[in-house]
Amino acid sequence: VTQRQPSPMVRASAHVRLLDVLGNLLTQPLRGLYLLGTLAIVAYRLTKRTQRGRGVANGSSGTAAMVMWQRYRGAELGFGPDTLARIFVPVTHRNDAPWVFEKLQGVIQGLRWRIARRITMEEDMYWGIRCLLLGVPEAAKAFPGDMGIGFHHCRTSWLDSLLLDDPPPQLVILGSGFDTRAYRLASPGTRVWEVDVPTTQAEKCSMLQEAGVSTRHVTFVPVDFETQDVIDELIRAGLDPMAKTLIIWEGVTYYLSEQAVRSTLCSIANRMQQAHVAFDVFYDWFAHSSGLRFIMRRGFGEPFRCGVPTGDEGRLARESGLQVLSVSTAEELSLKYCPRRADGNLSCSCFGAVAFVLASTTKATSKSS
């Protein structure tokens with residue numbers, strides 16, 4: 001586990017603090033407009049029962065599109081690494097809400113960022129989550145942050161670093177959604193397998209083709225994590241279980257049953273000889289919240305199902321036969337990757353309901369976190 005870093009609160013000079021306060025006050029109307037637009041989108045999703053609300057059996061994953069949108073916004077603001085996410089933005093306009101809402105939100109968010117280095121909606125999202133978790137003592141103690149741009153920026157940056165620091169000959173992306181690593185980071189000669197449900201893969205492949213992005217080095221493997229052995233399907237698709245492999249499992253575990261998560265991790269441990277697997281987990285007090293489950297079920301058709309105990313984040317990997325190499329917290333990655341305002345404080349951060357686990361098969365060489 002990485003060492004705890006200093007507090008995100010930094011003392012700045014009086015004039016810098018004053019400028020920060022003035023910028024914040026001047027841009028409060030923008031924050032209000034953005035919030036109204038967001039509430040309109042939420043109402044549209046919950047009342048109209050869009051395609052997303054019916055789950056992945058009826059279309060591409062709504063949560064995958066939401067993740068893509070957050071990565072896109074981070075890149076548009078100038079600090080996010082996923083510069084290819086823009087390819088998939090039409091997915092959001094087609095399936096989630098009228099495009100005008102998203103366009104206006106982008107303009108408003110960009111203005112507030114340029115003026116005050118604050119990311120509109122991040123603070124409001126944090127307090128919205130806290131309201132849904134009233135009465136949950138762990139939520140009050142958790143590192144303050146959001147589950148929007150800050151969260152996805154931390155997770156994307158962490159996983160990107162694992163791939164860039166030690167490029168593997170084989171890269172597997174489980175639950176790939178609208179992930180772009182195969183097209184912006186994979187080294188020449190690296191073979192890539194993307195695993196997801198057929199509906200999401202079909203929409204992704206169509207949009208990559210429209211954008212002129214080559215997928216010749218990528219093998220798409222349709223899999224249902226609940227009913228199929230992922231590694232069996234990957235081996236059938238040409239994966240070499242003896243070769244050095246990095247497996248990225250981003251934003252998936254909490255949508256599956258615990259049994260499906262264990263089965264996948266056990267299959268990796270038993271079948272792969274030189275594999276590292278990087279994934280994120282939600283704490284059980286967050287994943288099992290009735291309010292959050294309702295929103296995810298009603299809005300996306302994809303409710304949270306699996307969480308881990310606080311303080312035992314690597315349990316599922318360890319009990320499945322993997323060696324846990326590191327567990328990183330939301331606070332650690334926020335302090336490492338998130339941008340700061342002029343006064344030195346964080347512009348965004350990741351809410352402390354999530355942890356990031358790096359594990360390996362027993363025969364794999366050690367890997368830095």
# chains A, B, ... in the order shown; residues from 1 in each chain; ligands from 1

$ select_by_dssp --residues "region 68-290 of chain A" --states "alpha helix (DSSP H)" --output "ChimeraX atom specification"
/A:68-77,89-95,99-116,122-132,137-141,149-165,181-184,198-211,230-236,258-271,284-287,290

$ write_last_selection --atoms "C-alpha atoms" --output "tab-separated table (two decimals), in the first residue's frame"
chain	number	residue	atom	x	y	z
A	68	MET	CA	-16.81	8.06	-21.17
A	69	TRP	CA	-18.52	11.43	-20.74
A	70	GLN	CA	-16.61	12.18	-17.51
A	71	ARG	CA	-13.30	11.30	-19.17
A	72	TYR	CA	-14.22	13.48	-22.14
A	73	ARG	CA	-15.02	16.45	-19.90
A	74	GLY	CA	-11.70	16.07	-18.06
A	75	ALA	CA	-9.84	16.09	-21.37
A	76	GLU	CA	-11.82	19.11	-22.59
A	77	LEU	CA	-10.90	21.02	-19.42
A	89	VAL	CA	-19.77	11.66	-27.31
A	90	PRO	CA	-22.62	11.16	-29.84
A	91	VAL	CA	-23.54	8.02	-27.85
A	92	THR	CA	-24.59	10.28	-24.97
A	93	HIS	CA	-26.57	12.58	-27.25
A	94	ARG	CA	-28.37	9.69	-28.94
A	95	ASN	CA	-29.28	7.61	-25.94
A	99	TRP	CA	-27.88	17.01	-26.95
A	100	VAL	CA	-28.62	20.65	-26.04
A	101	PHE	CA	-28.36	19.89	-22.30
A	102	GLU	CA	-24.93	18.32	-22.66
A	103	LYS	CA	-23.68	21.10	-24.92
A	104	LEU	CA	-24.81	23.84	-22.53
A	105	GLN	CA	-23.32	22.00	-19.57
A	106	GLY	CA	-19.99	21.80	-21.37
A	107	VAL	CA	-19.94	25.54	-22.10
A	108	ILE	CA	-20.89	26.47	-18.53
A	109	GLN	CA	-18.40	24.06	-17.01
A	110	GLY	CA	-15.62	25.34	-19.26
A	111	LEU	CA	-16.28	28.98	-18.33
A	112	ARG	CA	-16.21	28.32	-14.59
A	113	TRP	CA	-13.03	26.29	-14.94
A	114	ARG	CA	-11.25	29.06	-16.84
A	115	ILE	CA	-12.35	31.77	-14.40
A	116	ALA	CA	-12.10	30.04	-11.02
A	122	GLU	CA	-18.29	18.33	-8.42
A	123	GLU	CA	-19.18	19.98	-5.08
A	124	ASP	CA	-22.91	19.52	-5.67
A	125	MET	CA	-22.44	15.86	-6.57
A	126	TYR	CA	-20.54	15.28	-3.32
A	127	TRP	CA	-23.35	16.76	-1.22
A	128	GLY	CA	-25.96	14.89	-3.26
A	129	ILE	CA	-24.22	11.60	-2.51
A	130	ARG	CA	-23.93	12.54	1.16
A	131	CYS	CA	-27.69	13.19	1.28
A	132	LEU	CA	-28.34	9.72	-0.16
A	137	PRO	CA	-21.32	6.83	9.53
A	138	GLU	CA	-18.64	5.69	7.07
A	139	ALA	CA	-19.83	8.27	4.53
A	140	ALA	CA	-19.29	11.13	6.97
A	141	LYS	CA	-15.72	9.95	7.61
A	149	ILE	CA	-14.74	13.89	-13.18
A	150	GLY	CA	-12.47	13.64	-10.12
A	151	PHE	CA	-13.14	9.95	-9.58
A	152	HIS	CA	-12.77	8.99	-13.23
A	153	HIS	CA	-9.66	11.13	-13.68
A	154	CYS	CA	-7.96	9.39	-10.76
A	155	ARG	CA	-8.90	5.93	-11.96
A	156	THR	CA	-7.95	6.59	-15.59
A	157	SER	CA	-4.59	8.12	-14.64
A	158	TRP	CA	-3.74	5.23	-12.30
A	159	LEU	CA	-4.54	2.54	-14.86
A	160	ASP	CA	-2.79	4.45	-17.65
A	161	SER	CA	0.36	4.61	-15.53
A	162	LEU	CA	0.38	0.83	-15.05
A	163	LEU	CA	0.22	0.31	-18.80
A	164	LEU	CA	2.82	2.97	-19.66
A	165	ASP	CA	5.33	2.06	-16.94
A	181	ARG	CA	-6.36	2.58	-24.18
A	182	ALA	CA	-6.01	0.13	-27.06
A	183	TYR	CA	-5.97	3.10	-29.47
A	184	ARG	CA	-4.03	5.77	-27.59
A	198	PRO	CA	-22.28	-7.62	-27.42
A	199	THR	CA	-24.57	-4.56	-27.39
A	200	THR	CA	-21.86	-2.22	-26.09
A	201	GLN	CA	-19.21	-3.70	-28.37
A	202	ALA	CA	-21.39	-3.25	-31.45
A	203	GLU	CA	-21.94	0.46	-30.79
A	204	LYS	CA	-18.28	1.02	-29.95
A	205	CYS	CA	-17.00	-0.71	-33.10
A	206	SER	CA	-19.42	1.27	-35.24
A	207	MET	CA	-18.21	4.59	-33.85
A	208	LEU	CA	-14.54	3.65	-34.11
A	209	GLN	CA	-15.10	2.79	-37.77
A	210	GLU	CA	-16.89	6.11	-38.35
A	211	ALA	CA	-13.92	7.95	-36.79
A	230	VAL	CA	-13.79	-15.14	-19.10
A	231	ILE	CA	-10.36	-16.73	-19.40
A	232	ASP	CA	-11.76	-19.71	-21.31
A	233	GLU	CA	-13.32	-17.33	-23.81
A	234	LEU	CA	-10.12	-15.30	-24.10
A	235	ILE	CA	-7.98	-18.39	-24.71
A	236	ARG	CA	-10.41	-19.45	-27.45
A	258	GLU	CA	-19.80	-11.35	-5.67
A	259	GLN	CA	-19.78	-14.90	-7.05
A	260	ALA	CA	-19.10	-13.62	-10.57
A	261	VAL	CA	-16.24	-11.42	-9.33
A	262	ARG	CA	-14.72	-14.35	-7.42
A	263	SER	CA	-15.10	-16.71	-10.38
A	264	THR	CA	-13.31	-14.29	-12.70
A	265	LEU	CA	-10.46	-13.68	-10.26
A	266	CYS	CA	-10.12	-17.42	-9.57
A	267	SER	CA	-9.95	-18.12	-13.29
A	268	ILE	CA	-7.17	-15.54	-13.68
A	269	ALA	CA	-5.27	-17.02	-10.72
A	270	ASN	CA	-5.61	-20.61	-11.95
A	271	ARG	CA	-5.13	-20.18	-15.70
A	284	ASP	CA	-20.02	-2.22	1.00
A	285	TRP	CA	-21.52	0.76	2.85
A	286	PHE	CA	-21.65	2.58	-0.50
A	287	ALA	CA	-22.52	-0.24	-2.90
A	290	SER	CA	-30.69	1.55	-1.09

$ select_by_dssp --residues "region 105-296 of chain A" --states "strand (DSSP E or B)" --output "CSV table (one decimal) with all heavy atoms, in the first residue's frame"
chain,number,residue,atom,x,y,z
A,146,ASP,N,-16.0,13.5,-5.3
A,146,ASP,CA,-17.2,13.2,-6.1
A,146,ASP,C,-17.0,11.9,-6.8
A,146,ASP,O,-16.0,11.2,-6.7
A,146,ASP,CB,-17.3,14.3,-7.1
A,146,ASP,CG,-16.2,14.3,-8.1
A,146,ASP,OD1,-16.3,13.6,-9.1
A,146,ASP,OD2,-15.2,15.0,-7.9
A,170,GLN,N,0.7,-8.5,-24.0
A,170,GLN,CA,-0.7,-8.8,-24.0
A,170,GLN,C,-1.5,-7.9,-23.1
A,170,GLN,O,-1.1,-7.8,-21.9
A,170,GLN,CB,-1.0,-10.3,-23.7
A,170,GLN,CG,-0.5,-11.3,-24.7
A,170,GLN,CD,-1.0,-12.7,-24.4
A,170,GLN,OE1,-1.2,-13.5,-25.3
A,170,GLN,NE2,-1.2,-13.0,-23.1
A,171,LEU,N,-2.5,-7.2,-23.6
A,171,LEU,CA,-3.4,-6.4,-22.8
A,171,LEU,C,-4.8,-6.9,-22.9
A,171,LEU,O,-5.3,-7.0,-24.0
A,171,LEU,CB,-3.2,-4.9,-23.3
A,171,LEU,CG,-4.2,-3.9,-22.6
A,171,LEU,CD1,-4.0,-3.8,-21.1
A,171,LEU,CD2,-4.1,-2.6,-23.3
A,172,VAL,N,-5.4,-7.1,-21.8
A,172,VAL,CA,-6.8,-7.5,-21.7
A,172,VAL,C,-7.6,-6.5,-21.0
A,172,VAL,O,-7.2,-6.1,-19.9
A,172,VAL,CB,-7.0,-8.9,-21.0
A,172,VAL,CG1,-8.5,-9.2,-20.8
A,172,VAL,CG2,-6.3,-10.0,-21.8
A,173,ILE,N,-8.7,-6.0,-21.6
A,173,ILE,CA,-9.5,-5.0,-20.9
A,173,ILE,C,-10.9,-5.6,-20.7
A,173,ILE,O,-11.7,-5.8,-21.6
A,173,ILE,CB,-9.7,-3.7,-21.8
A,173,ILE,CG1,-8.3,-3.2,-22.1
A,173,ILE,CG2,-10.5,-2.7,-21.1
A,173,ILE,CD1,-8.2,-2.0,-23.0
A,174,LEU,N,-11.2,-5.9,-19.4
A,174,LEU,CA,-12.5,-6.6,-19.1
A,174,LEU,C,-13.5,-5.5,-18.9
A,174,LEU,O,-13.3,-4.6,-18.1
A,174,LEU,CB,-12.3,-7.4,-17.8
A,174,LEU,CG,-11.2,-8.5,-17.9
A,174,LEU,CD1,-11.2,-9.3,-16.5
A,174,LEU,CD2,-11.6,-9.5,-19.0
A,191,ARG,N,-0.7,-7.1,-28.3
A,191,ARG,CA,-2.0,-7.6,-28.7
A,191,ARG,C,-3.0,-7.2,-27.7
A,191,ARG,O,-2.8,-7.3,-26.5
A,191,ARG,CB,-2.0,-9.1,-28.9
A,191,ARG,CG,-1.1,-9.6,-30.1
A,191,ARG,CD,-1.4,-11.0,-30.4
A,191,ARG,NE,-2.8,-11.2,-30.8
A,191,ARG,CZ,-3.4,-12.4,-30.9
A,191,ARG,NH1,-2.7,-13.5,-30.7
A,191,ARG,NH2,-4.7,-12.5,-31.3
A,192,VAL,N,-4.2,-6.9,-28.1
A,192,VAL,CA,-5.2,-6.4,-27.2
A,192,VAL,C,-6.5,-7.2,-27.3
A,192,VAL,O,-6.9,-7.5,-28.5
A,192,VAL,CB,-5.5,-4.9,-27.4
A,192,VAL,CG1,-6.6,-4.4,-26.4
A,192,VAL,CG2,-4.3,-4.1,-27.3
A,193,TRP,N,-7.1,-7.6,-26.2
A,193,TRP,CA,-8.4,-8.2,-26.2
A,193,TRP,C,-9.4,-7.3,-25.4
A,193,TRP,O,-9.1,-6.9,-24.3
A,193,TRP,CB,-8.4,-9.6,-25.6
A,193,TRP,CG,-7.7,-10.6,-26.4
A,193,TRP,CD1,-8.3,-11.6,-27.2
A,193,TRP,CD2,-6.3,-10.8,-26.5
A,193,TRP,NE1,-7.3,-12.4,-27.8
A,193,TRP,CE2,-6.1,-11.9,-27.4
A,193,TRP,CE3,-5.2,-10.2,-26.0
A,193,TRP,CZ2,-4.8,-12.4,-27.7
A,193,TRP,CZ3,-3.9,-10.7,-26.3
A,193,TRP,CH2,-3.7,-11.7,-27.2
A,194,GLU,N,-10.5,-7.0,-26.0
A,194,GLU,CA,-11.5,-6.2,-25.3
A,194,GLU,C,-12.7,-7.1,-25.0
A,194,GLU,O,-13.3,-7.7,-26.0
A,194,GLU,CB,-11.9,-5.0,-26.1
A,194,GLU,CG,-10.9,-3.9,-26.2
A,194,GLU,CD,-11.4,-2.5,-26.6
A,194,GLU,OE1,-12.7,-2.4,-26.7
A,194,GLU,OE2,-10.6,-1.6,-26.8
A,195,VAL,N,-13.1,-7.2,-23.8
A,195,VAL,CA,-14.2,-8.0,-23.3
A,195,VAL,C,-15.4,-7.2,-22.9
A,195,VAL,O,-15.2,-6.3,-22.0
A,195,VAL,CB,-13.8,-9.0,-22.2
A,195,VAL,CG1,-14.9,-9.8,-21.7
A,195,VAL,CG2,-12.6,-9.8,-22.7
A,196,ASP,N,-16.6,-7.5,-23.4
A,196,ASP,CA,-17.8,-6.8,-22.9
A,196,ASP,C,-19.0,-7.5,-23.5
A,196,ASP,O,-18.9,-8.4,-24.3
A,196,ASP,CB,-17.8,-5.3,-23.4
A,196,ASP,CG,-18.5,-4.4,-22.3
A,196,ASP,OD1,-19.5,-4.8,-21.7
A,196,ASP,OD2,-18.0,-3.2,-22.1
A,218,VAL,N,-6.9,-5.4,-32.2
A,218,VAL,CA,-7.8,-5.6,-31.1
A,218,VAL,C,-8.7,-6.8,-31.5
A,218,VAL,O,-9.3,-6.8,-32.6
A,218,VAL,CB,-8.6,-4.4,-30.8
A,218,VAL,CG1,-9.6,-4.7,-29.6
A,218,VAL,CG2,-7.7,-3.2,-30.5
A,219,THR,N,-8.9,-7.7,-30.5
A,219,THR,CA,-9.8,-8.8,-30.7
A,219,THR,C,-11.0,-8.5,-29.7
A,219,THR,O,-10.7,-8.4,-28.5
A,219,THR,CB,-9.2,-10.2,-30.3
A,219,THR,OG1,-8.1,-10.4,-31.2
A,219,THR,CG2,-10.2,-11.3,-30.5
A,220,PHE,N,-12.2,-8.5,-30.2
A,220,PHE,CA,-13.4,-8.2,-29.4
A,220,PHE,C,-14.0,-9.5,-29.0
A,220,PHE,O,-14.3,-10.4,-29.9
A,220,PHE,CB,-14.4,-7.3,-30.1
A,220,PHE,CG,-13.8,-5.9,-30.4
A,220,PHE,CD1,-13.2,-5.7,-31.6
A,220,PHE,CD2,-14.0,-4.9,-29.5
A,220,PHE,CE1,-12.7,-4.4,-31.9
A,220,PHE,CE2,-13.5,-3.6,-29.8
A,220,PHE,CZ,-12.9,-3.4,-31.0
A,221,VAL,N,-14.2,-9.7,-27.7
A,221,VAL,CA,-14.7,-11.0,-27.2
A,221,VAL,C,-15.9,-10.7,-26.4
A,221,VAL,O,-15.9,-10.1,-25.3
A,221,VAL,CB,-13.6,-11.6,-26.2
A,221,VAL,CG1,-14.1,-13.0,-25.8
A,221,VAL,CG2,-12.3,-11.8,-26.9
A,222,PRO,N,-17.1,-11.1,-26.9
A,222,PRO,CA,-18.4,-10.9,-26.1
A,222,PRO,C,-18.5,-12.0,-25.0
A,222,PRO,O,-18.3,-13.2,-25.3
A,222,PRO,CB,-19.4,-11.2,-27.2
A,222,PRO,CG,-18.8,-12.0,-28.2
A,222,PRO,CD,-17.3,-11.7,-28.2
A,244,LYS,N,3.3,-12.8,-20.6
A,244,LYS,CA,3.1,-11.7,-19.7
A,244,LYS,C,1.9,-10.9,-20.1
A,244,LYS,O,1.7,-10.5,-21.3
A,244,LYS,CB,4.3,-10.8,-19.7
A,244,LYS,CG,4.3,-9.7,-18.7
A,244,LYS,CD,5.6,-8.9,-18.7
A,244,LYS,CE,5.6,-7.7,-17.8
A,244,LYS,NZ,6.8,-6.9,-17.9
A,245,THR,N,0.9,-10.6,-19.2
A,245,THR,CA,-0.3,-10.0,-19.5
A,245,THR,C,-0.7,-9.0,-18.4
A,245,THR,O,-0.6,-9.2,-17.2
A,245,THR,CB,-1.4,-11.1,-19.6
A,245,THR,OG1,-1.0,-12.1,-20.5
A,245,THR,CG2,-2.8,-10.5,-20.1
A,246,LEU,N,-1.2,-7.8,-18.9
A,246,LEU,CA,-1.9,-6.9,-18.0
A,246,LEU,C,-3.4,-6.9,-18.2
A,246,LEU,O,-3.8,-6.8,-19.3
A,246,LEU,CB,-1.4,-5.5,-18.2
A,246,LEU,CG,-2.1,-4.4,-17.4
A,246,LEU,CD1,-1.9,-4.6,-15.9
A,246,LEU,CD2,-1.6,-3.0,-17.8
A,247,ILE,N,-4.1,-7.2,-17.1
A,247,ILE,CA,-5.6,-7.2,-17.2
A,247,ILE,C,-6.2,-6.0,-16.5
A,247,ILE,O,-5.9,-5.8,-15.3
A,247,ILE,CB,-6.1,-8.5,-16.6
A,247,ILE,CG1,-5.5,-9.8,-17.3
A,247,ILE,CG2,-7.7,-8.6,-16.6
A,247,ILE,CD1,-5.9,-11.1,-16.6
A,248,ILE,N,-6.9,-5.2,-17.2
A,248,ILE,CA,-7.5,-4.0,-16.6
A,248,ILE,C,-9.0,-4.3,-16.5
A,248,ILE,O,-9.7,-4.6,-17.5
A,248,ILE,CB,-7.3,-2.8,-17.5
A,248,ILE,CG1,-5.8,-2.4,-17.5
A,248,ILE,CG2,-8.1,-1.6,-17.1
A,248,ILE,CD1,-5.4,-1.2,-18.4
A,249,TRP,N,-9.5,-4.2,-15.3
A,249,TRP,CA,-10.9,-4.4,-15.0
A,249,TRP,C,-11.5,-3.2,-14.3
A,249,TRP,O,-11.6,-3.1,-13.1
A,249,TRP,CB,-11.0,-5.6,-14.1
A,249,TRP,CG,-12.3,-6.4,-14.1
A,249,TRP,CD1,-13.3,-6.2,-15.0
A,249,TRP,CD2,-12.8,-7.4,-13.3
A,249,TRP,NE1,-14.4,-7.0,-14.8
A,249,TRP,CE2,-14.1,-7.8,-13.7
A,249,TRP,CE3,-12.2,-8.1,-12.2
A,249,TRP,CZ2,-14.8,-8.8,-13.1
A,249,TRP,CZ3,-12.9,-9.1,-11.6
A,249,TRP,CH2,-14.2,-9.4,-12.0
A,274,GLN,N,1.5,-15.3,-15.9
A,274,GLN,CA,2.3,-14.1,-15.7
A,274,GLN,C,1.4,-12.9,-15.8
A,274,GLN,O,1.6,-12.0,-16.7
A,274,GLN,CB,3.5,-14.0,-16.7
A,274,GLN,CG,4.5,-15.1,-16.6
A,274,GLN,CD,5.6,-14.8,-17.6
A,274,GLN,OE1,6.5,-13.9,-17.3
A,274,GLN,NE2,5.7,-15.6,-18.6
A,275,ALA,N,0.3,-12.9,-15.0
A,275,ALA,CA,-0.7,-11.8,-15.2
A,275,ALA,C,-0.7,-10.9,-14.0
A,275,ALA,O,-0.5,-11.3,-12.9
A,275,ALA,CB,-2.1,-12.4,-15.4
A,276,HIS,N,-0.9,-9.6,-14.3
A,276,HIS,CA,-1.3,-8.6,-13.3
A,276,HIS,C,-2.7,-8.2,-13.6
A,276,HIS,O,-3.0,-7.9,-14.8
A,276,HIS,CB,-0.3,-7.4,-13.3
A,276,HIS,CG,1.0,-7.7,-12.8
A,276,HIS,ND1,2.0,-8.2,-13.6
A,276,HIS,CD2,1.6,-7.6,-11.6
A,276,HIS,CE1,3.1,-8.4,-12.9
A,276,HIS,NE2,2.9,-8.0,-11.7
A,277,VAL,N,-3.5,-8.0,-12.6
A,277,VAL,CA,-4.9,-7.5,-12.8
A,277,VAL,C,-5.1,-6.3,-11.9
A,277,VAL,O,-4.8,-6.3,-10.7
A,277,VAL,CB,-5.9,-8.6,-12.4
A,277,VAL,CG1,-5.7,-9.2,-11.1
A,277,VAL,CG2,-7.3,-8.1,-12.6
A,278,ALA,N,-5.6,-5.2,-12.5
A,278,ALA,CA,-5.8,-4.0,-11.8
A,278,ALA,C,-7.3,-3.7,-11.9
A,278,ALA,O,-7.9,-3.7,-13.0
A,278,ALA,CB,-5.0,-2.8,-12.4
A,279,PHE,N,-7.9,-3.4,-10.7
A,279,PHE,CA,-9.4,-3.2,-10.7
A,279,PHE,C,-9.8,-2.3,-9.5
A,279,PHE,O,-8.9,-2.1,-8.6
A,279,PHE,CB,-10.2,-4.5,-10.6
A,279,PHE,CG,-9.9,-5.4,-9.4
A,279,PHE,CD1,-10.7,-5.4,-8.3
A,279,PHE,CD2,-8.7,-6.2,-9.3
A,279,PHE,CE1,-10.4,-6.1,-7.2
A,279,PHE,CE2,-8.5,-7.0,-8.2
A,279,PHE,CZ,-9.3,-6.9,-7.1
A,280,ASP,N,-11.0,-1.7,-9.6
A,280,ASP,CA,-11.4,-0.9,-8.5
A,280,ASP,C,-12.6,-1.6,-7.8
A,280,ASP,O,-13.4,-2.3,-8.4
A,280,ASP,CB,-11.8,0.5,-9.0
A,280,ASP,CG,-12.8,0.5,-10.1
A,280,ASP,OD1,-12.7,-0.3,-11.0
A,280,ASP,OD2,-13.7,1.4,-10.1
A,281,VAL,N,-12.8,-1.2,-6.5
A,281,VAL,CA,-13.9,-1.8,-5.8
A,281,VAL,C,-14.6,-0.7,-5.0
A,281,VAL,O,-14.0,0.3,-4.6
A,281,VAL,CB,-13.4,-2.9,-4.8
A,281,VAL,CG1,-12.9,-4.1,-5.5
A,281,VAL,CG2,-12.3,-2.3,-3.9
A,282,PHE,N,-15.9,-0.8,-4.7
A,282,PHE,CA,-16.6,0.0,-3.9
A,282,PHE,C,-16.7,-0.6,-2.5
A,282,PHE,O,-16.8,-1.8,-2.4
A,282,PHE,CB,-18.0,0.3,-4.4
A,282,PHE,CG,-18.2,1.3,-5.5
A,282,PHE,CD1,-19.3,1.4,-6.2
A,282,PHE,CD2,-17.1,2.1,-5.8
A,282,PHE,CE1,-19.4,2.3,-7.3
A,282,PHE,CE2,-17.2,3.1,-6.8
A,282,PHE,CZ,-18.4,3.1,-7.6
A,283,TYR,N,-16.7,0.2,-1.5
A,283,TYR,CA,-16.9,-0.3,-0.1
A,283,TYR,C,-18.4,-0.7,0.0
A,283,TYR,O,-19.3,-0.1,-0.6
A,283,TYR,CB,-16.6,0.8,0.9
A,283,TYR,CG,-15.1,1.0,1.0
A,283,TYR,CD1,-14.6,2.3,0.7
A,283,TYR,CD2,-14.2,0.0,1.4
A,283,TYR,CE1,-13.2,2.5,0.7
A,283,TYR,CE2,-12.8,0.2,1.4
A,283,TYR,CZ,-12.3,1.5,1.1
A,283,TYR,OH,-11.0,1.7,1.1

$ closest_residue --among "A:Ala65, A:Val213, A:Met296, A:Ile87" --to "Ser176 (chain A)" --atoms "only C-alpha atoms"
A:Ala65

$ atom_distance --atom1 "CA of Gly299 (chain A)" --atom2 "CA of Gly62 (chain A)"
8.4 Å

$ closest_residue --among "A:Ala237, A:Leu256, A:Leu185, A:Leu358" --to "Cys306 (chain A)" --atoms "only C-alpha atoms"
A:Leu256

$ atom_distance --atom1 "CA of Ala243 (chain A)" --atom2 "CA of Met272 (chain A)"
8.1 Å

$ closest_residue --among "A:Gln323, A:Thr329, A:Ser257, A:Ser349" --to "Gly311 (chain A)" --atoms "only C-alpha atoms"
A:Thr329

$ atom_distance --atom1 "CA of Val67 (chain A)" --atom2 "CA of Arg340 (chain A)"
22.0 Å

$ residues_around --residues "Gly352 (chain A)" --least-positions-apart "3" --cutoff "6 Å" --atoms "only C-alpha atoms" --output "PDB file with C-alpha atoms, in the first residue's frame"
ATOM      1  CA  ALA A 142     -14.840   9.279   3.970  1.00  0.00           C
ATOM      2  CA  PHE A 143     -12.430  11.480   2.014  1.00  0.00           C
ATOM      3  CA  ALA A 330      -9.210   7.692  -3.145  1.00  0.00           C
TER       4      ALA A 330
END

$ closest_residue --among "A:Arg298, A:Thr253, A:Thr63, A:Asn345" --to "Leu316 (chain A)" --atoms "only C-alpha atoms"
A:Thr253
